[in-house]
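Heads up, the thing below is written out as structure tokens.
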Amino acid sequence: EIEGRGTRGRSCRLLLVSWGAAVTAVTPACSSAGPMAATNAATTPLPKWKIFAVMVVQAGEALGVGVLFPFVIFMLRDFGVPEAHLGTWSGILAASFCFAQFLFAFSWGRCADHHGTKRALLWGVCGSAVTGLLFGFR
């Protein structure tokens with residue numbers, strides 16, 4: 001905040017609204033538009049291609065969970081699970097995938113901090129692709 005005198009002698013404060021280290025707006029608090037109105041906004045453009053790449057990776061991971069459901073019953077039958085227990089074991093198998101993602105999220109975060117986010121995302125996507133291909137073969 002910076003205090004000073006307005007154009008008509010009134011006491012005004014300038015509010016510096018920041019996002020990270022860059023100042024995005026300088027607005028007089030005594031103006032009629034209010035303290036959140038941006039008069040001289042210097043905005044940083046969003047990295048649209050990077051956000052798109054992360055969205056594609058997230059969609060691929062969601063498909064990794066969803067692709068399991070049509071095959072799980074037949075796979076469990078082939079493994080010799082009795083018909084009466086198919087629902088229980090298919091639920092356990094489907095939940096184990098999500099639970100494993102939960103358990104290893106911290107390890108992937110540490111890997112991303114140490115080796116870089118791009119490299120960790122590429123390792124994860126390649127690992128998901130390889131295990132997805134191996135899932136189809138017995």
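Residue names in the structure tokens use chain letters A, B, ... in the order shown, residue numbers from 1 in each chain, and ligand numbers from 1 in the order shown.
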- Task: Please provide as a ChimeraX atom specification all residues within 9 Å of range 123-132 of chain A, with the sequence filter that same-chain residues fewer than 6 positions apart are discarded (counting only C-alpha atoms).
- Result: /A:57,60-61,64,108
- Using only C-alpha atoms, which residues sit within 12 Å of Val67 in chain A once same-chain residues fewer than 5 positions away are excluded, as a ChimeraX atom specification? /A:59-62,72,94,97,132-133,135-136
